[in-house]
Structures are given as C-alpha cells and as structure tokens.
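Structure data (mmCIF, C-alpha atoms and all ligand atoms) from protein.cif:
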data_structure
#
loop_
_atom_site.label_atom_id
_atom_site.label_comp_id
_atom_site.auth_asym_id
_atom_site.auth_seq_id
_atom_site.Cartn_x
_atom_site.Cartn_y
_atom_site.Cartn_z
CA MET C 1 -39.91 27.10 11.33
CA LYS C 2 -36.61 26.29 13.06
CA LEU C 3 -38.27 23.42 14.92
CA LYS C 4 -39.77 22.07 11.72
CA THR C 5 -36.39 22.06 9.98
CA SER C 6 -34.69 20.18 12.78
CA THR C 7 -37.54 17.64 13.00
CA PHE C 8 -37.12 17.09 9.27
CA VAL C 9 -33.37 16.60 9.67
CA VAL C 10 -33.87 14.11 12.51
CA LEU C 11 -36.44 12.19 10.44
CA ILE C 12 -34.13 12.06 7.45
CA SER C 13 -31.19 10.85 9.50
CA LEU C 14 -33.33 8.21 11.25
CA THR C 15 -34.46 6.96 7.84
CA CYS C 16 -30.85 6.81 6.60
CA CYS C 17 -29.68 4.88 9.65
CA ALA C 18 -32.58 2.46 9.54
CA THR C 19 -31.97 1.72 5.86
CA PHE C 20 -28.24 1.36 6.48
CA ALA C 21 -28.67 -0.84 9.56
CA ALA C 22 -31.16 -3.05 7.74
CA SER C 23 -28.80 -3.63 4.81
CA ALA C 24 -25.65 -3.97 6.87
CA GLY C 25 -26.62 -6.38 9.69
CA ARG C 26 -24.61 -5.04 12.62
CA PRO C 27 -23.15 -1.56 12.81
CA HIS C 28 -19.51 -0.85 12.03
CA SER C 29 -17.36 0.21 14.96
CA MET C 30 -14.10 1.80 16.03
CA LYS C 31 -11.96 1.09 19.06
CA LYS C 32 -8.95 3.08 20.25
CA GLU C 33 -6.17 1.90 22.56
CA LYS C 34 -2.67 2.98 23.57
CA PHE C 35 0.12 1.40 21.51
CA GLY C 36 3.06 3.19 23.18
CA SER C 37 4.99 6.33 22.34
CA VAL C 38 7.77 7.44 20.01
CA GLN C 39 10.01 10.30 21.12
CA GLY C 40 7.32 11.59 23.46
CA ASN C 41 4.53 11.33 20.89
CA ALA C 42 1.61 9.09 21.83
CA VAL C 43 0.97 6.27 19.44
CA THR C 44 -2.52 4.79 19.21
CA LEU C 45 -3.82 1.51 17.85
CA TYR C 46 -7.21 1.76 16.16
CA THR C 47 -9.46 -1.21 15.48
CA LEU C 48 -11.94 -0.68 12.67
CA THR C 49 -14.68 -3.29 12.24
CA ASN C 50 -17.21 -3.22 9.44
CA SER C 51 -20.79 -4.44 9.50
CA ASN C 52 -19.70 -7.88 8.20
CA GLY C 53 -17.14 -8.34 10.97
CA LEU C 54 -14.09 -7.63 8.80
CA GLU C 55 -11.47 -6.06 11.06
CA VAL C 56 -8.51 -3.78 10.32
CA ARG C 57 -6.09 -2.55 12.97
CA ALA C 58 -3.91 0.44 12.16
CA THR C 59 -1.66 2.81 14.04
CA ASN C 60 -0.65 6.43 13.57
CA PHE C 61 3.03 5.40 13.69
CA GLY C 62 3.81 5.26 9.96
CA GLY C 63 0.09 4.81 9.25
CA ILE C 64 0.92 1.13 9.63
CA ILE C 65 -1.74 -1.50 9.04
CA VAL C 66 -1.09 -3.98 11.84
CA SER C 67 -3.67 -6.63 10.97
CA VAL C 68 -6.48 -7.37 8.52
CA ARG C 69 -8.86 -10.14 9.55
CA THR C 70 -11.10 -11.56 6.84
CA PRO C 71 -13.10 -14.80 6.53
CA ASP C 72 -12.13 -17.77 4.35
CA LYS C 73 -14.71 -19.76 2.36
CA GLN C 74 -15.79 -21.61 5.56
CA GLY C 75 -16.23 -18.29 7.34
CA ARG C 76 -13.07 -18.80 9.46
CA MET C 77 -11.37 -15.50 10.25
CA ASP C 78 -7.63 -15.06 9.95
CA ASP C 79 -5.12 -12.24 9.82
CA ILE C 80 -3.82 -11.93 6.24
CA VAL C 81 -1.03 -9.35 6.62
CA LEU C 82 2.49 -9.67 7.99
CA GLY C 83 3.63 -7.53 10.89
CA PHE C 84 4.51 -7.38 14.56
CA ASP C 85 2.66 -7.78 17.85
CA ASP C 86 3.77 -4.47 19.33
CA LEU C 87 5.07 -1.01 18.52
CA GLN C 88 8.62 -2.06 19.36
CA GLY C 89 8.60 -4.41 16.37
CA TYR C 90 7.60 -1.59 14.04
CA LEU C 91 10.37 0.77 15.18
CA ASP C 92 12.90 -1.33 13.27
CA ASN C 93 10.60 -2.47 10.49
CA LYS C 94 13.13 -3.24 7.75
CA PRO C 95 10.60 -4.82 5.38
CA TYR C 96 8.26 -1.75 5.70
CA PHE C 97 5.36 -4.01 6.81
CA GLY C 98 2.00 -2.25 6.43
CA ALA C 99 3.35 1.29 6.25
CA ILE C 100 2.56 4.44 4.29
CA ILE C 101 5.53 5.08 2.01
CA GLY C 102 6.67 8.60 1.13
CA ARG C 103 7.72 11.13 0.15
CA TYR C 104 8.80 8.99 -2.79
CA ALA C 105 7.84 5.31 -2.87
CA ASN C 106 10.36 2.98 -4.53
CA ARG C 107 13.83 3.95 -5.74
CA ILE C 108 15.51 7.13 -6.90
CA ALA C 109 18.76 6.27 -8.67
CA ALA C 110 22.03 7.42 -7.11
CA ALA C 111 19.91 9.24 -4.48
CA ARG C 112 19.66 12.40 -6.57
CA PHE C 113 17.51 14.21 -9.09
CA THR C 114 17.46 17.56 -10.84
CA LEU C 115 14.35 19.71 -10.79
CA ASP C 116 14.04 23.12 -12.49
CA GLY C 117 17.82 23.17 -12.91
CA VAL C 118 18.63 22.47 -9.25
CA GLN C 119 20.21 19.19 -8.18
CA TYR C 120 18.87 17.65 -4.96
CA SER C 121 20.71 14.97 -2.96
CA LEU C 122 18.78 12.44 -0.95
CA ALA C 123 19.80 9.98 1.72
CA ALA C 124 21.13 6.78 0.13
CA ASN C 125 19.67 3.84 2.05
CA ASP C 126 19.64 1.10 -0.62
CA GLY C 127 23.13 0.75 -2.02
CA PRO C 128 23.58 3.90 -4.09
CA ASN C 129 19.80 4.58 -4.25
CA SER C 130 17.28 6.30 -2.08
CA LEU C 131 14.48 3.87 -1.27
CA HIS C 132 10.99 4.58 0.08
CA GLY C 133 11.59 8.17 1.16
CA GLY C 134 15.04 7.78 2.71
CA ILE C 135 16.31 6.96 6.18
CA LYS C 136 13.29 8.36 8.01
CA GLY C 137 10.49 8.08 5.50
CA PHE C 138 6.77 8.52 6.10
CA ASN C 139 6.76 4.96 7.47
CA LYS C 140 8.74 6.10 10.52
CA VAL C 141 6.94 9.27 11.56
CA VAL C 142 4.05 9.77 13.95
CA TRP C 143 1.03 10.99 12.00
CA SER C 144 -1.92 12.92 13.46
CA ALA C 145 -4.95 10.68 13.27
CA GLU C 146 -8.62 11.51 13.27
CA PRO C 147 -11.06 8.60 13.43
CA PHE C 148 -14.42 8.98 11.68
CA GLU C 149 -17.56 7.03 10.95
CA ASN C 150 -20.00 7.77 8.17
CA SER C 151 -22.59 5.98 6.06
CA THR C 152 -19.91 4.27 3.90
CA GLY C 153 -17.93 2.85 6.79
CA VAL C 154 -15.39 3.65 9.42
CA GLY C 155 -11.98 5.19 8.96
CA LEU C 156 -8.94 7.19 9.92
CA MET C 157 -7.65 10.43 8.49
CA PHE C 158 -3.87 10.69 8.86
CA THR C 159 -2.04 13.98 8.34
CA TYR C 160 1.65 14.79 8.36
CA THR C 161 3.67 17.79 7.25
CA SER C 162 7.05 16.88 5.87
CA LYS C 163 9.39 19.85 6.30
CA ASP C 164 11.30 21.57 3.50
CA GLY C 165 14.60 19.69 3.21
CA GLU C 166 13.43 16.57 5.05
CA GLU C 167 15.45 13.60 3.71
CA GLY C 168 16.71 16.04 1.06
CA TYR C 169 13.34 16.81 -0.60
CA PRO C 170 12.35 20.40 -1.39
CA GLY C 171 9.23 22.09 -0.02
CA ASN C 172 6.94 21.74 2.96
CA LEU C 173 4.65 18.93 1.92
CA ARG C 174 1.29 18.62 3.66
CA ALA C 175 0.14 15.03 3.23
CA LYS C 176 -3.24 13.56 4.08
CA VAL C 177 -4.02 9.85 3.80
CA THR C 178 -7.52 8.60 4.55
CA TYR C 179 -8.21 4.92 5.24
CA THR C 180 -11.86 3.83 5.02
CA LEU C 181 -13.11 0.36 5.79
CA THR C 182 -16.43 0.15 3.98
CA ASP C 183 -19.34 -2.16 4.61
CA GLN C 184 -18.70 -3.53 1.11
CA ASN C 185 -15.49 -5.17 2.43
CA GLU C 186 -13.20 -2.60 0.85
CA LEU C 187 -10.31 -0.79 2.42
CA THR C 188 -9.86 2.45 0.52
CA PHE C 189 -6.85 4.77 0.57
CA ASP C 190 -7.26 8.38 -0.46
CA TYR C 191 -4.01 10.28 -0.71
CA GLU C 192 -3.76 14.06 -0.96
CA ALA C 193 -0.81 16.44 -0.77
CA THR C 194 0.08 20.06 -1.36
CA THR C 195 3.46 21.78 -1.37
CA ASP C 196 5.04 25.22 -1.25
CA LYS C 197 7.95 24.28 -3.58
CA ALA C 198 8.05 21.91 -6.53
CA THR C 199 8.84 18.38 -5.34
CA PRO C 200 8.48 14.78 -6.44
CA VAL C 201 5.69 12.91 -4.64
CA ASN C 202 4.82 9.23 -4.89
CA LEU C 203 2.81 7.77 -2.03
CA THR C 204 1.83 4.16 -1.51
CA GLN C 205 0.92 1.52 1.04
CA HIS C 206 3.31 -1.33 1.80
CA SER C 207 1.11 -4.09 3.27
CA TYR C 208 2.41 -7.63 2.77
CA PHE C 209 -0.33 -10.16 2.17
CA ASN C 210 -0.51 -13.85 2.69
CA LEU C 211 -4.10 -14.77 1.83
CA ALA C 212 -3.64 -18.21 3.42
CA GLY C 213 -3.06 -16.37 6.70
CA ASP C 214 -0.07 -14.66 8.28
CA GLY C 215 2.68 -17.14 9.09
CA ARG C 216 1.08 -19.95 7.06
CA GLY C 217 3.98 -20.57 4.72
CA ASP C 218 4.94 -18.95 1.44
CA ILE C 219 2.79 -17.23 -1.14
CA LEU C 220 4.04 -19.29 -4.09
CA GLY C 221 0.77 -21.22 -4.51
CA GLN C 222 -1.33 -18.05 -4.73
CA GLU C 223 -2.70 -17.06 -8.11
CA LEU C 224 -2.07 -13.61 -9.48
CA THR C 225 -3.57 -11.65 -12.32
CA LEU C 226 -2.16 -8.23 -13.23
CA ASN C 227 -3.96 -5.85 -15.54
CA ALA C 228 -0.66 -5.00 -17.22
CA ASP C 229 0.74 -5.96 -20.58
CA ARG C 230 3.98 -4.04 -20.02
CA PHE C 231 6.49 -3.58 -17.21
CA THR C 232 9.54 -1.41 -16.55
CA PRO C 233 12.64 -3.65 -16.77
CA VAL C 234 15.38 -2.91 -14.24
CA ASP C 235 19.17 -2.90 -13.99
CA LYS C 236 21.21 -4.57 -11.24
CA ASN C 237 20.29 -1.82 -8.76
CA LEU C 238 16.57 -2.35 -9.49
CA ILE C 239 16.42 0.97 -11.34
CA PRO C 240 14.22 1.08 -14.47
CA THR C 241 16.18 1.28 -17.70
CA GLY C 242 13.46 3.53 -19.17
CA GLU C 243 12.05 0.87 -21.46
CA LEU C 244 8.40 -0.19 -21.26
CA ARG C 245 8.68 -3.85 -22.23
CA ALA C 246 5.85 -6.20 -23.24
CA VAL C 247 5.24 -9.00 -20.73
CA LYS C 248 4.21 -11.35 -23.55
CA ASN C 249 6.48 -14.40 -23.80
CA THR C 250 8.24 -13.55 -20.52
CA SER C 251 7.96 -14.96 -16.98
CA LEU C 252 6.35 -11.64 -16.00
CA ASP C 253 3.16 -12.26 -17.94
CA PHE C 254 0.30 -12.25 -15.40
CA THR C 255 -2.34 -11.08 -17.86
CA LYS C 256 -4.03 -14.44 -17.16
CA SER C 257 -4.29 -15.85 -13.63
CA THR C 258 -0.97 -17.63 -12.91
CA THR C 259 0.42 -19.29 -9.80
CA ILE C 260 3.18 -17.02 -8.47
CA GLY C 261 5.64 -19.87 -7.93
CA SER C 262 5.23 -21.45 -11.34
CA ARG C 263 7.96 -19.39 -13.04
CA ILE C 264 9.66 -17.53 -10.19
CA ASN C 265 12.88 -19.55 -10.53
CA ASP C 266 13.07 -19.23 -14.33
CA LYS C 267 16.39 -18.08 -15.73
CA ASP C 268 14.71 -14.92 -17.05
CA GLU C 269 17.26 -12.07 -16.70
CA GLN C 270 14.67 -9.81 -15.01
CA LEU C 271 13.80 -12.45 -12.39
CA VAL C 272 17.49 -12.98 -11.69
CA LEU C 273 18.06 -9.22 -11.25
CA GLY C 274 14.96 -8.91 -9.02
CA HIS C 275 15.72 -12.08 -7.00
CA GLY C 276 12.19 -13.00 -8.00
CA TYR C 277 9.41 -10.54 -8.77
CA ASP C 278 10.26 -6.98 -7.77
CA HIS C 279 8.99 -5.05 -10.76
CA ASN C 280 6.76 -2.15 -11.63
CA PHE C 281 3.93 -3.13 -13.97
CA VAL C 282 2.29 -0.57 -16.26
CA ILE C 283 -1.42 -0.73 -15.55
CA HIS C 284 -3.59 -0.97 -18.63
CA ARG C 285 -6.07 1.87 -18.51
CA THR C 286 -8.36 3.77 -20.84
CA GLY C 287 -9.38 6.63 -18.52
CA PRO C 288 -8.21 8.36 -15.34
CA GLY C 289 -10.50 6.66 -12.73
CA PRO C 290 -9.67 3.64 -10.56
CA VAL C 291 -9.14 0.44 -12.59
CA LEU C 292 -8.37 -3.09 -11.54
CA ALA C 293 -4.60 -3.44 -11.13
CA ALA C 294 -4.29 -6.84 -9.48
CA HIS C 295 -6.30 -9.89 -8.45
CA VAL C 296 -4.88 -12.46 -6.03
CA ARG C 297 -6.58 -15.74 -5.11
CA GLU C 298 -5.56 -18.32 -2.55
CA PRO C 299 -6.97 -21.66 -3.74
CA GLN C 300 -7.33 -23.46 -0.35
CA THR C 301 -9.06 -20.73 1.64
CA GLY C 302 -10.80 -19.15 -1.36
CA ARG C 303 -9.70 -15.69 -0.22
CA VAL C 304 -9.49 -13.10 -2.97
CA LEU C 305 -7.91 -9.67 -2.93
CA GLU C 306 -8.58 -7.21 -5.73
CA ILE C 307 -6.71 -3.93 -5.98
CA TYR C 308 -8.10 -0.95 -7.89
CA THR C 309 -6.17 2.27 -8.36
CA THR C 310 -5.88 5.61 -10.12
CA GLU C 311 -2.08 5.14 -10.28
CA PRO C 312 -0.23 4.28 -13.51
CA GLY C 313 1.81 1.44 -11.98
CA VAL C 314 1.91 -1.34 -9.43
CA GLN C 315 5.08 -2.83 -7.95
CA PHE C 316 4.68 -6.56 -7.53
CA TYR C 317 7.21 -7.61 -4.86
CA SER C 318 7.26 -11.31 -3.98
CA GLY C 319 8.95 -10.85 -0.58
CA ASN C 320 12.36 -11.86 -1.92
CA PHE C 321 14.37 -10.05 0.76
CA LEU C 322 12.54 -11.75 3.65
CA ASP C 323 15.23 -14.14 4.83
CA GLY C 324 14.07 -15.65 8.11
CA THR C 325 15.79 -12.97 10.21
CA THR C 326 12.52 -11.17 10.96
CA THR C 327 10.27 -12.64 13.63
CA GLY C 328 6.81 -11.16 13.60
CA LYS C 329 3.36 -11.70 15.03
CA GLN C 330 2.99 -14.66 17.37
CA GLY C 331 6.60 -15.66 16.79
CA HIS C 332 6.11 -16.20 13.05
CA VAL C 333 9.44 -16.33 11.28
CA TYR C 334 9.18 -14.60 7.92
CA LYS C 335 11.15 -16.57 5.38
CA GLN C 336 11.68 -15.70 1.75
CA ARG C 337 8.34 -15.19 -0.08
CA PHE C 338 6.14 -15.57 3.00
CA GLY C 339 4.32 -12.41 1.91
CA LEU C 340 3.70 -10.35 -1.20
CA ALA C 341 3.27 -6.63 -1.71
CA LEU C 342 1.36 -4.90 -4.49
CA GLU C 343 2.34 -1.26 -4.23
CA THR C 344 0.24 1.05 -6.40
CA GLN C 345 2.47 3.90 -7.48
CA HIS C 346 4.06 6.04 -10.17
CA PHE C 347 7.03 4.39 -11.84
CA PRO C 348 10.28 4.06 -9.86
CA ASP C 349 12.91 6.76 -10.43
CA SER C 350 10.46 8.95 -12.37
CA PRO C 351 12.28 12.19 -11.38
CA ASN C 352 15.21 10.93 -13.50
CA HIS C 353 13.02 9.67 -16.35
CA PRO C 354 11.27 12.55 -18.13
CA GLU C 355 9.61 9.99 -20.44
CA PHE C 356 7.66 8.49 -17.48
CA PRO C 357 4.41 10.05 -16.16
CA SER C 358 5.47 13.02 -14.04
CA THR C 359 5.62 12.82 -10.25
CA ILE C 360 6.33 16.53 -9.77
CA LEU C 361 3.87 18.42 -7.59
CA ARG C 362 3.99 22.20 -7.82
CA PRO C 363 2.63 24.89 -5.49
CA GLY C 364 -1.08 25.44 -6.18
CA GLN C 365 -1.58 21.86 -7.39
CA VAL C 366 -3.18 19.08 -5.35
CA TYR C 367 -1.75 15.58 -5.47
CA GLN C 368 -4.63 13.10 -5.42
CA SER C 369 -4.56 9.35 -5.66
CA ARG C 370 -6.93 6.55 -4.73
CA THR C 371 -6.39 2.83 -4.18
CA VAL C 372 -8.96 0.26 -3.09
CA TYR C 373 -8.32 -3.20 -1.62
CA LYS C 374 -11.43 -5.34 -2.05
CA PHE C 375 -11.68 -8.54 -0.01
CA SER C 376 -13.92 -11.46 -0.95
CA VAL C 377 -14.04 -15.26 -1.13
CA GLU C 378 -14.54 -17.55 -4.09
CA LYS C 379 -15.95 -20.95 -3.12
C1 LIG B 1 9.89 -2.61 -2.21
C2 LIG B 1 11.07 -2.80 -3.08
C3 LIG B 1 11.79 -4.04 -2.69
C4 LIG B 1 12.14 -4.01 -1.22
C5 LIG B 1 10.90 -3.79 -0.42
C6 LIG B 1 11.20 -3.60 1.03
O1 LIG B 1 8.87 -3.41 -2.56
O2 LIG B 1 10.75 -2.82 -4.44
O3 LIG B 1 12.95 -4.17 -3.45
O4 LIG B 1 13.07 -3.00 -0.97
O5 LIG B 1 10.23 -2.66 -0.85
O6 LIG B 1 11.95 -4.63 1.55
#
Show this structure as structure tokens.
Amino acid sequence: MKLKTSTFVVLISLTCCATFAASAGRPHSMKKEKFGSVQGNAVTLYTLTNSNGLEVRATNFGGIIVSVRTPDKQGRMDDIVLGFDDLQGYLDNKPYFGAIIGRYANRIAAARFTLDGVQYSLAANDGPNSLHGGIKGFNKVVWSAEPFENSTGVGLMFTYTSKDGEEGYPGNLRAKVTYTLTDQNELTFDYEATTDKATPVNLTQHSYFNLAGDGRGDILGQELTLNADRFTPVDKNLIPTGELRAVKNTSLDFTKSTTIGSRINDKDEQLVLGHGYDHNFVIHRTGPGPVLAAHVREPQTGRVLEIYTTEPGVQFYSGNFLDGTTTGKQGHVYKQRFGLALETQHFPDSPNHPEFPSTILRPGQVYQSRTVYKFSVEK
C-alpha cells in the first residue's frame, strides 16, 4: 500500500513537471553567489531566471533588487532598474534604490505620532520628518533569505525581526517579504508581519525603473497611466494636508496615458512643492483584491510595466532628488528624473491622520499586502 502511494505521488509529480516544462520552454533557475558582508553578516546575491529568460538579481541586504533584465520589442535584453554594481554602493544608498522600505514607508510628520495615548518619537532623517523607517530602516538591514522554486516560479523569502524600540517604533515586529518571479513574467511581492505591541506598519518596494534601460537618459518620454482619480496634496515638507483632491483639471491627472514630461514643469502648486511628481495617488478600487495601480510604457523599446496591488495608494516619484551626484551601475551618472518609482503603500503620515485608512497593526493581527509587477512588450 505504501509503495502504491509513493508510485502514485511520483507519477503525479512527473505529470505536473512535464506539463509545466512543455508550457514553459526552459526551466526557471536560481543562482547564489557571495556579495560581501555587513558587520560580520554574510550578504548573498541571488539570480532568479524564469522560463522565458527574464532575470532578477536581488540581495538579502535590504532585500534590494539589484537588476531586472527584460526584453524589448526586438527581443533585446536590458537592465531596467537603477542601482549599483557592488554591495559597497548599496551601503550608502541615499535614493533607496531597489530596497524594501519599512517599518513605515514614506513620511511621518515631525517624526512623531501618538498611539493609544502614548507619544512615540522617531528619528528625523528628512528635515523635521521621519522618512522610510528612519536612519536605519529595513533597507539597511541584513535579512534572512530562503530561496525556493515551485510550479509558479522561483523566489526568495526574506525575514527580519525589528526589535521593540528600533528607530523609535513600538513592538517586536516579525516581517516576512516573499519575492516570486513567475513564468508569466511577473515579479510578485507578498508582505506579512505580526507584532507584540500595537505599531504602525507600511511596507513597500523602492525600485527605480527606466524602461528604456538603466542609464539611458531620463524617464520624461515614458507614458504613465494611474488608476487614481484622487491624490493626497502635500505641504512644503511633502506631508499630506489630509485632503483627498480630484486629479481632474490638474497636472496630476494620469487617468489616461500621458507622457510624464508633458506637464512636469507646469506652475501647478503641487508640482512646485514636490519638485515634480512626488505624490501619493488614491487607487480606485471596488473590492479588496489586487487591482491595477499603474501602467508605464516606453514608446521606443515597447517595454511595459503594470503594477497591481492590494494597497490603497501608490507614490509616484519622478526621481526629482537625483542630481547627478550618484554614480551607479557601469559608471552611469543618475541625473534628475533618470528613474521613476511607483511605491504601493498606505498613505503617507497615516498615523497622524485618523481619517486615512489605518496603518496600525495590533497583536494577534496579521499584516498582509500583495503587489505584482508585470513585465511585457507592446509592439
Ligand atoms: C520617496 C519619497 C521621495 C524621496 C525618495 C527617496 O519616493 O517620496 O521624496 O525621498 O523616496 O529619495
């Protein structure tokens, strides 16, 4: 009986693999190499390749995505994210290239918030604000990484426990972020977290894209559609005022595909305050599942990126603070607007805005969030 069961299992798995291999062409794969070390902790560089040859390299330092190679409409592969050649570059990664952002992505005004009657002070690292988790956010820690392969693709499971009090946040927060490169040319991010004290949590991914290819000029000619008819206007410190404002009749209306550069220098007060686009858009949704947040198309190469998410917002950042002082991969000098980020997230400064969707995670609850990057080409 035992023998029969195992024969059955073997047969089933052979059938699955044959079906999968037949539909996928070549198998997906995973490579692991040393990337260096940070304070005695080994840092590894993982190369994930799917059955279509799409390749993502990521490291357990900050969960950073180091490169994403996809084909253009002629089938030519290129790296479409900004970054550095080696770990050294990522140690002082001011623009947050490719990293996991936490414990709280985006800004918390005046680096403080009150929760259940207690005021918490955070590290101020952006003028008066706390930005992207503070001085040593999740982008600067060494995560434990577990590579895996299954029938949907190949991936990495990153885990990190952020200690009670770290960067001023309450509670031991156990975070798990799973990256999966599927054979459908998607890179999925599944975020999970639990805590032992109530705390704000807002996790995101800070990859900068240039769909023409890394180092191939600015992103101003790329066409963007956002599934958002409202955004959260900001003050001079890039803190939301609390208003949800209609994008209609403003330079922030991307409800129809629009070239990013066509209005970026408009005298619109919000563009002046943001030095370009650096705004949280309210994703239009009818249910809780992943919906399309953003669609980006690069007209010359035909590359398209679609972003789906369960989050209520997406920060569209047009790389305004890149100023030519950062030299990245292959000596590429990153000038203003040489990359764009689309950070799926809860709204900035939510802990100080009770009218925004809550970001508070309490003991016994599980924080769950999913974002999908889908890569394709349009001829
Ligand atoms: C986010 C912010 C920007 C900037 C970048 C990092 O996208 O909204 O203002 O701080 O991160 O440079």
Can you tell me which residues sit at most 9 Å away from ligand LIG 1 (chain B), counting all atoms listed in the file, written as a PyMOL selection string? chain C and resi 94-97+105-107+126+131-132+206+238+274+277-280+315-322+340-343+348
For C:Gly62, the nearest of the candidates C:Ala123, C:Val118, C:Met77, C:Ala145, counting all atoms listed in the file: C:Ala145
Tell me, as a PyMOL selection string, which residues lie within 9 Å of stretch 42-54 of chain C, counting all atoms listed in the file; anything in the same chain fewer than 2 positions away does not count. chain C and resi 21+24-40+56-61+66+68-71+77+87+142-143+145+147+153-156+180-185
Could you tell me which of C:Gln222, C:Thr250, C:Thr286, C:Asn41 comes closest to C:Pro299 if we count all atoms listed in the file?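 Once distances to C:Pro299 are computed over all atoms listed in the file, the minimum belongs to C:Gln222.
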May I ask which of the residues C:Arg230, C:Arg103, C:His275, C:Arg245 is the closest one to C:Pro170, counting all atoms listed in the file? C:Arg103
Could you complete stretch 206-214 of chain C so that it carries all heavy atoms, and give it back as a CSV table (one decimal), in the frame of the given file?
chain,number,residue,atom,x,y,z
C,206,HIS,N,2.4,-0.2,1.9
C,206,HIS,CA,3.3,-1.3,1.8
C,206,HIS,C,2.9,-2.5,2.6
C,206,HIS,O,3.7,-3.2,3.3
C,206,HIS,CB,4.7,-0.9,2.2
C,206,HIS,CG,5.8,-1.6,1.5
C,206,HIS,ND1,5.9,-3.0,1.5
C,206,HIS,CD2,6.8,-1.2,0.7
C,206,HIS,CE1,7.0,-3.4,0.8
C,206,HIS,NE2,7.6,-2.3,0.3
C,207,SER,N,1.6,-2.9,2.6
C,207,SER,CA,1.1,-4.1,3.3
C,207,SER,C,1.6,-5.3,2.5
C,207,SER,O,1.7,-5.3,1.3
C,207,SER,CB,-0.4,-4.1,3.3
C,207,SER,OG,-0.9,-3.2,4.3
C,208,TYR,N,2.0,-6.3,3.3
C,208,TYR,CA,2.4,-7.6,2.8
C,208,TYR,C,1.3,-8.6,3.0
C,208,TYR,O,0.9,-8.8,4.2
C,208,TYR,CB,3.6,-8.2,3.5
C,208,TYR,CG,5.0,-7.6,3.2
C,208,TYR,CD1,5.3,-6.3,3.5
C,208,TYR,CD2,6.0,-8.4,2.6
C,208,TYR,CE1,6.5,-5.8,3.2
C,208,TYR,CE2,7.2,-7.9,2.4
C,208,TYR,CZ,7.5,-6.5,2.7
C,208,TYR,OH,8.7,-6.0,2.4
C,209,PHE,N,0.8,-9.2,2.0
C,209,PHE,CA,-0.3,-10.2,2.2
C,209,PHE,C,0.1,-11.6,2.1
C,209,PHE,O,1.0,-11.9,1.4
C,209,PHE,CB,-1.4,-9.9,1.1
C,209,PHE,CG,-2.1,-8.6,1.2
C,209,PHE,CD1,-1.7,-7.5,0.5
C,209,PHE,CD2,-3.2,-8.5,2.1
C,209,PHE,CE1,-2.4,-6.3,0.7
C,209,PHE,CE2,-3.9,-7.3,2.2
C,209,PHE,CZ,-3.4,-6.2,1.5
C,210,ASN,N,-0.5,-12.4,2.9
C,210,ASN,CA,-0.5,-13.8,2.7
C,210,ASN,C,-2.0,-14.3,2.9
C,210,ASN,O,-2.5,-14.4,4.0
C,210,ASN,CB,0.4,-14.6,3.7
C,210,ASN,CG,0.4,-16.1,3.4
C,210,ASN,OD1,-0.4,-16.6,2.7
C,210,ASN,ND2,1.4,-16.7,4.0
C,211,LEU,N,-2.6,-14.5,1.8
C,211,LEU,CA,-4.1,-14.8,1.8
C,211,LEU,C,-4.4,-16.1,2.5
C,211,LEU,O,-5.6,-16.3,2.9
C,211,LEU,CB,-4.7,-14.7,0.4
C,211,LEU,CG,-4.7,-13.3,-0.3
C,211,LEU,CD1,-5.5,-13.4,-1.6
C,211,LEU,CD2,-5.2,-12.2,0.6
C,212,ALA,N,-3.4,-17.0,2.7
C,212,ALA,CA,-3.6,-18.2,3.4
C,212,ALA,C,-3.7,-17.9,4.9
C,212,ALA,O,-4.2,-18.7,5.7
C,212,ALA,CB,-2.5,-19.2,3.1
C,213,GLY,N,-3.2,-16.8,5.3
C,213,GLY,CA,-3.1,-16.4,6.7
C,213,GLY,C,-1.6,-16.1,7.0
C,213,GLY,O,-0.7,-16.7,6.6
C,214,ASP,N,-1.4,-15.0,7.9
C,214,ASP,CA,-0.1,-14.7,8.3
C,214,ASP,C,0.6,-15.8,8.9
C,214,ASP,O,0.1,-16.5,9.8
C,214,ASP,CB,-0.2,-13.5,9.3
C,214,ASP,CG,1.1,-13.2,10.0
C,214,ASP,OD1,2.1,-13.1,9.2
C,214,ASP,OD2,1.2,-13.2,11.2
